[in-house]
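Just my_file_10.cif here, mmCIF, C-alpha atoms and all ligand atoms:
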data_structure
loop_
_atom_site.label_atom_id
_atom_site.label_comp_id
_atom_site.auth_asym_id
_atom_site.auth_seq_id
_atom_site.Cartn_x
_atom_site.Cartn_y
_atom_site.Cartn_z
CA MET A 1 -67.57 -30.43 -29.08
CA ARG A 2 -67.83 -28.26 -32.13
CA MET A 3 -64.56 -26.69 -33.08
CA ARG A 4 -64.46 -23.03 -33.89
CA HIS A 5 -62.87 -21.63 -36.96
CA GLY A 6 -61.66 -18.25 -38.10
CA PHE A 7 -58.89 -17.47 -35.71
CA ALA A 8 -57.09 -15.05 -37.99
CA ALA A 9 -58.36 -12.09 -36.03
CA ILE A 10 -57.10 -13.52 -32.77
CA LEU A 11 -53.74 -14.29 -34.24
CA SER A 12 -53.11 -11.11 -36.14
CA GLY A 13 -52.54 -9.03 -33.04
CA VAL A 14 -50.16 -11.28 -31.21
CA LEU A 15 -48.31 -13.57 -33.56
CA CYS A 16 -44.78 -12.46 -34.23
CA LEU A 17 -43.20 -14.31 -37.07
CA THR A 18 -39.74 -13.06 -36.37
CA GLY A 19 -39.80 -14.31 -32.80
CA LEU A 20 -39.19 -12.60 -29.55
CA PRO A 21 -36.24 -13.26 -27.30
CA ALA A 22 -37.57 -14.61 -24.05
CA THR A 23 -36.67 -13.21 -20.69
CA ALA A 24 -34.05 -15.29 -18.97
CA ASP A 25 -35.24 -17.15 -15.91
CA PRO A 26 -33.16 -18.88 -13.26
CA GLY A 27 -31.92 -22.14 -14.68
CA HIS A 28 -32.66 -24.23 -11.63
CA GLN A 29 -36.40 -24.20 -11.94
CA PRO A 30 -38.53 -26.84 -13.56
CA GLY A 31 -39.37 -25.82 -17.04
CA GLY A 32 -36.57 -23.32 -17.40
CA PRO A 33 -36.34 -21.71 -19.76
CA CYS A 34 -33.04 -20.02 -20.08
CA ILE A 35 -33.18 -18.90 -23.66
CA GLN A 36 -30.46 -16.35 -24.24
CA ASP A 37 -31.22 -12.76 -25.12
CA ASN A 38 -29.56 -13.03 -28.51
CA GLN A 39 -31.39 -16.18 -29.44
CA ASN A 40 -34.20 -15.69 -31.91
CA VAL A 41 -36.56 -18.55 -32.53
CA SER A 42 -38.69 -18.29 -35.63
CA LEU A 43 -42.27 -19.07 -34.74
CA SER A 44 -43.46 -19.55 -38.28
CA SER A 45 -43.06 -23.33 -38.12
CA VAL A 46 -44.13 -23.76 -34.50
CA ALA A 47 -47.63 -24.84 -33.59
CA ASN A 48 -49.74 -21.90 -32.40
CA TYR A 49 -53.23 -21.87 -30.93
CA ALA A 50 -54.96 -22.01 -34.30
CA ASP A 51 -52.85 -25.03 -35.18
CA VAL A 52 -54.02 -26.71 -31.98
CA VAL A 53 -57.66 -26.01 -32.77
CA GLN A 54 -57.30 -27.20 -36.34
CA GLY A 55 -55.09 -30.16 -35.42
CA LEU A 56 -57.53 -31.43 -32.82
CA ASP A 57 -60.41 -30.93 -35.22
CA ARG A 58 -58.63 -32.97 -37.87
CA ILE A 59 -57.69 -35.76 -35.47
CA VAL A 60 -61.26 -36.02 -34.18
CA ARG A 61 -62.58 -36.34 -37.73
CA THR A 62 -60.00 -38.89 -38.87
CA SER A 63 -59.98 -40.97 -35.69
CA LYS A 64 -63.58 -42.11 -36.25
CA GLY A 65 -64.58 -41.63 -32.66
CA LEU A 66 -61.37 -42.84 -31.01
CA VAL A 67 -60.38 -39.31 -29.97
CA THR A 68 -62.72 -36.83 -28.32
CA VAL A 69 -61.95 -33.18 -27.64
CA HIS A 70 -63.18 -31.26 -24.63
CA ASN A 71 -63.04 -27.75 -23.26
CA ALA A 72 -61.75 -27.32 -19.70
CA GLY A 73 -62.71 -23.66 -19.55
CA ARG A 74 -61.39 -20.32 -20.73
CA SER A 75 -57.96 -18.76 -20.54
CA GLY A 76 -57.47 -15.25 -19.20
CA GLU A 77 -57.89 -13.87 -22.71
CA GLY A 78 -60.90 -16.06 -23.39
CA ARG A 79 -59.38 -18.89 -25.42
CA ASP A 80 -60.87 -22.34 -25.00
CA LEU A 81 -58.66 -24.63 -22.92
CA LEU A 82 -58.73 -27.68 -25.13
CA TYR A 83 -57.78 -31.22 -24.31
CA ALA A 84 -58.29 -34.59 -25.97
CA THR A 85 -58.91 -38.03 -24.57
CA VAL A 86 -58.11 -41.29 -26.30
CA GLY A 87 -58.61 -44.81 -25.02
CA HIS A 88 -61.18 -46.34 -22.70
CA GLY A 89 -59.05 -48.25 -20.22
CA PRO A 90 -59.10 -47.73 -16.47
CA ASP A 91 -55.49 -46.54 -16.13
CA VAL A 92 -55.61 -42.75 -16.62
CA PHE A 93 -52.49 -40.98 -17.93
CA TRP A 94 -52.15 -37.17 -18.04
CA LEU A 95 -49.92 -35.72 -20.76
CA GLN A 96 -49.54 -31.95 -20.73
CA ALA A 97 -47.53 -29.58 -22.93
CA ARG A 98 -46.71 -25.88 -23.16
CA ILE A 99 -47.54 -24.74 -19.64
CA HIS A 100 -44.73 -22.33 -20.38
CA GLY A 101 -45.83 -20.51 -23.50
CA ASN A 102 -42.38 -19.96 -24.96
CA GLU A 103 -41.36 -23.62 -24.79
CA LEU A 104 -42.29 -24.29 -28.32
CA HIS A 105 -42.05 -27.81 -29.64
CA SER A 106 -43.99 -29.67 -26.98
CA THR A 107 -47.33 -28.76 -28.57
CA GLU A 108 -46.49 -30.27 -31.94
CA SER A 109 -45.15 -33.35 -30.15
CA ALA A 110 -48.37 -33.77 -28.19
CA LEU A 111 -50.42 -33.57 -31.39
CA GLN A 112 -48.14 -36.11 -33.07
CA MET A 113 -48.59 -38.49 -30.15
CA LEU A 114 -52.34 -38.06 -30.27
CA ASP A 115 -52.27 -38.92 -33.97
CA HIS A 116 -50.26 -42.04 -33.22
CA LEU A 117 -52.48 -43.07 -30.32
CA ALA A 118 -55.47 -42.99 -32.69
CA SER A 119 -53.71 -45.15 -35.27
CA GLY A 120 -53.84 -48.85 -36.03
CA ASP A 121 -50.40 -49.45 -34.54
CA PRO A 122 -50.53 -52.51 -32.23
CA ASP A 123 -49.09 -50.61 -29.28
CA ALA A 124 -51.55 -47.78 -29.82
CA ARG A 125 -54.38 -50.31 -29.79
CA LEU A 126 -53.11 -51.79 -26.54
CA ILE A 127 -52.78 -48.34 -24.98
CA ARG A 128 -56.36 -47.50 -25.96
CA GLU A 129 -57.60 -50.77 -24.51
CA ARG A 130 -55.90 -50.48 -21.15
CA MET A 131 -55.52 -46.76 -20.63
CA THR A 132 -57.30 -43.46 -20.98
CA VAL A 133 -54.82 -40.83 -22.12
CA ILE A 134 -55.61 -37.17 -21.53
CA VAL A 135 -53.61 -34.97 -23.91
CA ILE A 136 -53.28 -31.23 -23.25
CA PRO A 137 -51.35 -29.81 -26.23
CA MET A 138 -51.36 -26.21 -24.99
CA TYR A 139 -51.94 -25.68 -21.26
CA ASN A 140 -51.18 -21.96 -21.56
CA PRO A 141 -52.55 -20.66 -24.88
CA ASP A 142 -52.28 -16.99 -23.94
CA GLY A 143 -48.61 -17.33 -23.05
CA ALA A 144 -48.02 -19.36 -26.19
CA GLU A 145 -49.56 -16.73 -28.43
CA ALA A 146 -47.55 -14.00 -26.71
CA ASN A 147 -44.42 -16.20 -26.73
CA ILE A 148 -43.83 -15.71 -23.03
CA ARG A 149 -43.38 -18.19 -20.20
CA GLN A 150 -46.23 -16.98 -18.02
CA SER A 151 -49.89 -16.13 -18.37
CA THR A 152 -50.83 -12.73 -19.81
CA THR A 153 -53.80 -11.87 -17.57
CA PRO A 154 -54.49 -10.61 -14.99
CA ALA A 155 -50.75 -10.49 -14.47
CA ARG A 156 -47.86 -12.52 -15.68
CA VAL A 157 -48.19 -15.58 -13.49
CA ASP A 158 -46.05 -18.67 -13.95
CA LEU A 159 -48.79 -21.28 -14.29
CA ASN A 160 -46.37 -23.90 -13.00
CA ARG A 161 -46.28 -22.05 -9.66
CA ASP A 162 -50.01 -21.50 -9.30
CA TRP A 163 -51.47 -24.72 -7.88
CA GLU A 164 -51.52 -23.30 -4.36
CA ASN A 165 -52.92 -19.83 -5.01
CA PHE A 166 -54.98 -20.69 -8.09
CA ALA A 167 -54.86 -17.05 -9.14
CA GLN A 168 -55.31 -17.90 -12.81
CA PRO A 169 -58.40 -19.25 -14.58
CA GLU A 170 -56.17 -21.74 -16.40
CA SER A 171 -55.03 -23.22 -13.08
CA ARG A 172 -58.57 -23.58 -11.76
CA ALA A 173 -59.81 -25.13 -14.99
CA TRP A 174 -57.01 -27.69 -15.32
CA TYR A 175 -57.19 -28.56 -11.63
CA ALA A 176 -60.89 -29.37 -12.06
CA VAL A 177 -60.09 -31.73 -14.93
CA TRP A 178 -57.35 -33.40 -12.89
CA ALA A 179 -59.63 -33.83 -9.86
CA ALA A 180 -62.38 -35.31 -12.05
CA LYS A 181 -60.19 -37.63 -14.14
CA ARG A 182 -57.89 -38.74 -11.29
CA PRO A 183 -54.87 -39.67 -13.42
CA ARG A 184 -52.57 -42.30 -11.92
CA LEU A 185 -49.59 -41.11 -13.94
CA ALA A 186 -48.60 -37.76 -15.45
CA LEU A 187 -45.97 -36.40 -17.82
CA ASP A 188 -45.15 -32.71 -18.39
CA LEU A 189 -43.23 -31.52 -21.48
CA HIS A 190 -40.82 -28.59 -21.17
CA HIS A 191 -37.86 -27.01 -22.92
CA MET A 192 -34.67 -25.81 -21.31
CA GLY A 193 -33.51 -23.15 -23.75
CA THR A 194 -29.90 -23.37 -24.76
CA ALA A 195 -28.30 -26.65 -23.84
CA PRO A 196 -26.00 -27.07 -20.86
CA VAL A 197 -23.34 -29.77 -20.93
CA VAL A 198 -23.39 -33.16 -19.32
CA ASN A 199 -21.36 -32.87 -16.15
CA GLY A 200 -17.72 -33.86 -16.61
CA THR A 201 -17.90 -33.85 -20.39
CA ASP A 202 -17.98 -31.36 -23.22
CA GLU A 203 -21.09 -32.97 -24.68
CA LEU A 204 -24.14 -30.81 -25.13
CA ASN A 205 -27.04 -31.99 -23.05
CA GLN A 206 -30.22 -32.32 -25.09
CA PHE A 207 -32.65 -34.02 -22.74
CA GLN A 208 -33.08 -33.69 -19.03
CA ILE A 209 -35.26 -35.99 -16.99
CA GLY A 210 -37.13 -34.42 -14.09
CA VAL A 211 -37.63 -37.29 -11.71
CA ARG A 212 -38.60 -35.21 -8.69
CA PRO A 213 -40.60 -31.95 -8.59
CA ILE A 214 -40.59 -32.20 -4.80
CA ASP A 215 -38.25 -33.74 -2.28
CA PRO A 216 -38.71 -37.52 -2.24
CA SER A 217 -39.32 -37.33 1.52
CA ARG A 218 -42.66 -35.68 0.72
CA MET A 219 -43.72 -38.58 -1.49
CA THR A 220 -44.89 -42.01 -0.50
CA ALA A 221 -42.47 -44.84 -1.18
CA ALA A 222 -44.72 -45.99 -4.02
CA GLN A 223 -44.73 -42.53 -5.59
CA TRP A 224 -40.95 -42.20 -5.41
CA LEU A 225 -40.49 -45.66 -6.91
CA THR A 226 -42.98 -44.93 -9.69
CA ASN A 227 -41.32 -41.61 -10.52
CA ARG A 228 -37.97 -43.35 -10.89
CA GLN A 229 -39.47 -46.16 -12.95
CA MET A 230 -41.08 -43.65 -15.31
CA SER A 231 -37.70 -41.94 -15.60
CA MET A 232 -35.79 -45.12 -16.34
CA VAL A 233 -38.20 -46.18 -19.08
CA SER A 234 -37.87 -42.73 -20.64
CA VAL A 235 -34.09 -42.63 -20.44
CA LYS A 236 -33.70 -46.14 -21.85
CA ALA A 237 -35.90 -45.22 -24.80
CA LEU A 238 -33.32 -42.61 -25.78
CA ASP A 239 -30.39 -45.03 -25.69
CA GLY A 240 -28.75 -44.89 -29.08
CA PHE A 241 -31.08 -42.17 -30.34
CA GLY A 242 -28.72 -40.03 -32.36
CA GLN A 243 -26.22 -38.07 -30.32
CA THR A 244 -28.66 -37.45 -27.54
CA HIS A 245 -27.05 -36.86 -24.17
CA VAL A 246 -29.34 -37.32 -21.24
CA ALA A 247 -28.96 -35.75 -17.83
CA ARG A 248 -30.93 -35.52 -14.63
CA TYR A 249 -32.68 -32.27 -13.84
CA PRO A 250 -31.32 -30.56 -10.71
CA ASP A 251 -32.96 -31.63 -7.45
CA ILE A 252 -35.77 -29.30 -6.50
CA ASP A 253 -38.53 -29.01 -3.93
CA ILE A 254 -41.26 -26.69 -5.14
CA THR A 255 -44.70 -27.34 -3.73
CA ASN A 256 -46.82 -25.01 -5.89
CA ALA A 257 -45.88 -26.55 -9.23
CA VAL A 258 -48.63 -28.50 -10.96
CA PHE A 259 -47.02 -31.91 -10.64
CA SER A 260 -45.92 -31.26 -7.09
CA ARG A 261 -49.53 -30.72 -6.11
CA MET A 262 -50.64 -33.76 -8.06
CA LEU A 263 -48.25 -35.85 -5.97
CA LEU A 264 -49.10 -34.11 -2.71
CA GLY A 265 -52.87 -34.05 -3.23
CA GLY A 266 -53.09 -30.58 -1.79
CA PRO A 267 -56.37 -28.65 -1.57
CA GLY A 268 -58.01 -27.23 -4.65
CA PRO A 269 -59.20 -23.68 -5.33
CA ASP A 270 -62.18 -24.07 -2.99
CA GLY A 271 -60.04 -25.46 -0.17
CA SER A 272 -61.38 -28.98 -0.40
CA ARG A 273 -59.09 -31.98 -0.61
CA PRO A 274 -59.21 -34.01 -3.82
CA GLY A 275 -59.18 -37.31 -1.92
CA PHE A 276 -56.49 -38.87 -4.05
CA THR A 277 -52.96 -38.30 -5.31
CA THR A 278 -51.30 -39.03 -8.61
CA GLN A 279 -48.88 -41.93 -8.20
CA GLY A 280 -46.18 -40.88 -10.64
CA ALA A 281 -45.50 -37.46 -12.20
CA ILE A 282 -42.29 -36.55 -14.02
CA PHE A 283 -41.23 -33.99 -16.60
CA TYR A 284 -39.00 -33.84 -19.64
CA GLU A 285 -36.86 -30.89 -20.63
CA VAL A 286 -35.69 -30.86 -24.22
CA ARG A 287 -33.17 -28.52 -25.83
CA SER A 288 -35.06 -25.81 -27.64
CA VAL A 289 -32.67 -24.11 -30.04
CA GLY A 290 -32.28 -24.94 -33.69
CA GLN A 291 -34.97 -24.23 -36.22
CA LYS A 292 -33.53 -26.81 -38.58
CA SER A 293 -33.83 -29.57 -36.02
CA ASN A 294 -37.51 -29.20 -35.18
CA GLY A 295 -38.21 -32.80 -36.10
CA TYR A 296 -35.36 -34.05 -33.93
CA LEU A 297 -36.49 -31.97 -30.99
CA GLU A 298 -40.05 -33.19 -31.35
CA ARG A 299 -38.85 -36.79 -31.37
CA LEU A 300 -36.96 -36.14 -28.15
CA PHE A 301 -40.42 -35.74 -26.63
CA THR A 302 -42.31 -38.40 -28.54
CA VAL A 303 -39.80 -41.28 -28.40
CA PRO A 304 -39.55 -41.52 -24.59
CA ALA A 305 -43.19 -40.55 -24.02
CA MET A 306 -44.50 -43.28 -26.32
CA ALA A 307 -42.11 -45.77 -24.72
CA LEU A 308 -43.52 -44.80 -21.35
CA LEU A 309 -47.13 -45.19 -22.45
CA THR A 310 -46.35 -48.54 -24.05
CA SER A 311 -44.60 -49.72 -20.90
CA VAL A 312 -47.66 -48.85 -18.82
CA ALA A 313 -50.06 -50.54 -21.24
CA ARG A 314 -47.96 -53.71 -21.32
CA GLY A 315 -47.86 -53.84 -17.53
CA GLU A 316 -44.07 -53.51 -17.52
CA LEU A 317 -43.63 -50.19 -15.73
CA SER A 318 -44.11 -51.53 -12.22
CA GLY A 319 -41.34 -54.09 -12.75
CA THR A 320 -38.80 -51.61 -14.07
CA ASP A 321 -35.40 -51.72 -12.37
CA VAL A 322 -34.51 -48.27 -11.05
CA SER A 323 -30.94 -49.00 -10.01
CA GLY A 324 -29.68 -47.00 -13.01
CA VAL A 325 -31.31 -43.71 -12.02
CA ASP A 326 -28.35 -42.53 -9.99
CA ALA A 327 -26.01 -43.29 -12.89
CA VAL A 328 -27.73 -40.76 -15.13
CA PRO A 329 -25.31 -37.82 -15.08
CA ARG A 330 -26.11 -34.39 -13.81
CA ALA A 331 -26.01 -31.50 -16.24
CA THR A 332 -23.72 -28.57 -15.80
CA GLN A 333 -25.77 -25.42 -16.20
CA GLY A 334 -23.47 -23.81 -18.72
CA PRO A 335 -24.98 -20.90 -20.62
CA CYS A 336 -28.25 -21.15 -18.76
CA GLY A 337 -26.71 -19.89 -15.54
CA VAL A 338 -27.42 -21.09 -12.04
ZN ZN B 1 -41.09 -25.02 -18.79
#

Show this structure as C-alpha cells.
Amino acid sequence: MRMRHGFAAILSGVLCLTGLPATADPGHQPGGPCIQDNQNVSLSSVANYADVVQGLDRIVRTSKGLVTVHNAGRSGEGRDLLYATVGHGPDVFWLQARIHGNELHSTESALQMLDHLASGDPDARLIRERMTVIVIPMYNPDGAEANIRQSTTPARVDLNRDWENFAQPESRAWYAVWAAKRPRLALDLHHMGTAPVVNGTDELNQFQIGVRPIDPSRMTAAQWLTNRQMSMVSVKALDGFGQTHVARYPDIDITNAVFSRMLLGGPGPDGSRPGFTTQGAIFYEVRSVGQKSNGYLERLFTVPAMALLTSVARGELSGTDVSGVDAVPRATQGPCGV
C-alpha cells in the first residue's frame, strides 16, 4: 500500500507532550493498567501513530520486499489500522501491541521486532521461511493518540472486551484479519503500570506472563498445553536478563477479550462461526514506569517474543517441558490494587 504522509495536523490536536495520568483500572484484568494518578509518563519519546506510519514505511522500503504493510480498515476517528506481514511459511503467528492506548512501549517493541525479522540474522531467515508473522504495532491508534486505555469513539470501549459485541470498528476490522489469516499462535503485548512485587519477596515485579485469558477448562488439552509451552519459552528467555523478576498474571476467565475469543472460536460480528480456533494465545505485561529505562522495557517485550518465534521456527515449541509453569511465582498486587 502507499503510505500517507503529513500527519502533523492529526497530531497537533491530541498529542500531549507532558503526558496525562491514566485512570486507574482494576488490577486483576488482563492488560491492566494501574498507572497511579501521580505518575506522569512523558510521551515525547514514545512511538505515536505518525511514528508507526513512518516506521512501517521505512521498514517496507529497506526490507526489499520481505515486509508488506496492509490496512485492516479504519479506526473510529478514521485512522488506518495498519499491520505488517513478514515471512512466507505456513505457520501463522499473530503479534499485536497497544490494544490499550496508554500502554506505551509495546508499539516501539513491535517495530523493533519487525526490523529484526526483516534482517539477515539466521534466526530471522528461519522464521521467514517457516512462518508468516502478522505484526500489529498499534491495535488502538485512537486510544494511543489520546493516551487512554479504551477507544475514543463512539464511546470509550475497552477493545480487549469487545470481541463478543463488536461495537467498535477496530474490533470488526481486526477480527476480519484474524478470520482470514487463521493464526495458529498469538501474542499480545501489554503494560501493567506501576510494578507489584513478586509474592513472598520485596522484589519489584517487572514482567508478568499471562498464560490463560480464560479458564483452562474452556480450552482443549492441546490449547492449554500450547499456552503453557509458549509461557515457558518466554519465561526462560528472561532468565538472567538483568534484575528482571517474572511472575504469573492472576488467573482470569474473561470470554470477550480478543485472545479469549481466538481460543474459543466464538462467532464473529455477523454471527457466523470462524470454523477454526487459535491453538495458543498468551500475553505479556511489562512494567511501564521509568522514562530512563525505555530501552530496558522494550527489551522485556522483544527478548521473550523473539525467543518464542525462534522456538516455533525451529520446531522446538511443541517439545517444551511445562513442568516449571507452576513454579513461576504469583505477583502481589501492591500499588496497583486488587
Ligand atoms: Zn493492556

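With distances restricted to all atoms listed in the file, A:Val157 is the closest residue to Gly143 in chain A from A:Ala110, A:Val157, A:Ala173, A:Leu317.
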
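Between ligand ZN 1 (chain B) and the residues A:Val258, A:Met230, A:Leu43, A:Ala72, the shortest atom-to-atom distance, using only C-alpha atoms and all ligand atoms, involves A:Val258.
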
**OP:** Calculate how many Å separate CA of Val235 in chain A from CA of Val86 in chain A, rounding to one decimal.
**Re:**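 Here the two named atoms are 24.8 Å from each other.
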
Write out as JSON an axis-aligned box for range 52-64 of chain A: all of its atoms listed in the file, 4 Å added on each side, centre and edge lengths in Å with one decimal.
{"center_x": -58.8, "center_y": -34.1, "center_z": -35.4, "size_x": 17.6, "size_y": 24.1, "size_z": 14.9}

Original post:
Excluding same-chain residues fewer than 2 positions from Pro269 in chain A, what lies within 8 Å of it counting all atoms listed in the file, as an NGL selection string?
Top reply: :A and (164-166 or 172 or 267 or 271-272)

Subject >> Residues within 7 Å of (-59.2, -38.2, -7.1), counting only C-alpha atoms, listed as a list of chain:residue names >> reply: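 Final list of nearby residues, as requested, is A:Ala179, A:Ala180, A:Arg182, A:Pro274, A:Gly275, A:Phe276, A:Thr277.
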
Original post:
With distances taken over all atoms listed in the file, which of A:Asp158, A:Glu298, A:Glu103, A:Asp57 is nearest to ligand ZN 1 (chain B)?
Top reply: A:Glu103

Starting from the point (-45.2, -40.6, -21.8), work out which residues of protein, DNA or RNA have an atom no more than 10 Å away when counting all atoms listed in the file; state them as a CSV table (one decimal) with C-alpha atoms, in the frame of the given file.
chain,number,residue,atom,x,y,z
A,93,PHE,CA,-52.5,-41.0,-17.9
A,94,TRP,CA,-52.2,-37.2,-18.0
A,95,LEU,CA,-49.9,-35.7,-20.8
A,96,GLN,CA,-49.5,-32.0,-20.7
A,110,ALA,CA,-48.4,-33.8,-28.2
A,113,MET,CA,-48.6,-38.5,-30.2
A,133,VAL,CA,-54.8,-40.8,-22.1
A,185,LEU,CA,-49.6,-41.1,-13.9
A,186,ALA,CA,-48.6,-37.8,-15.4
A,187,LEU,CA,-46.0,-36.4,-17.8
A,188,ASP,CA,-45.2,-32.7,-18.4
A,189,LEU,CA,-43.2,-31.5,-21.5
A,230,MET,CA,-41.1,-43.6,-15.3
A,231,SER,CA,-37.7,-41.9,-15.6
A,233,VAL,CA,-38.2,-46.2,-19.1
A,234,SER,CA,-37.9,-42.7,-20.6
A,282,ILE,CA,-42.3,-36.6,-14.0
A,283,PHE,CA,-41.2,-34.0,-16.6
A,284,TYR,CA,-39.0,-33.8,-19.6
A,301,PHE,CA,-40.4,-35.7,-26.6
A,302,THR,CA,-42.3,-38.4,-28.5
A,303,VAL,CA,-39.8,-41.3,-28.4
A,304,PRO,CA,-39.6,-41.5,-24.6
A,305,ALA,CA,-43.2,-40.6,-24.0
A,306,MET,CA,-44.5,-43.3,-26.3
A,307,ALA,CA,-42.1,-45.8,-24.7
A,308,LEU,CA,-43.5,-44.8,-21.4
A,309,LEU,CA,-47.1,-45.2,-22.4
A,310,THR,CA,-46.4,-48.5,-24.0
A,311,SER,CA,-44.6,-49.7,-20.9
A,312,VAL,CA,-47.7,-48.8,-18.8

Original post:
In terms of the shortest atom-to-atom distance over all atoms listed in the file, which of A:Glu77, A:Glu145, A:Asp162, A:Glu285 is closest to ligand ZN 1 (chain B)?
Top reply: A:Glu285
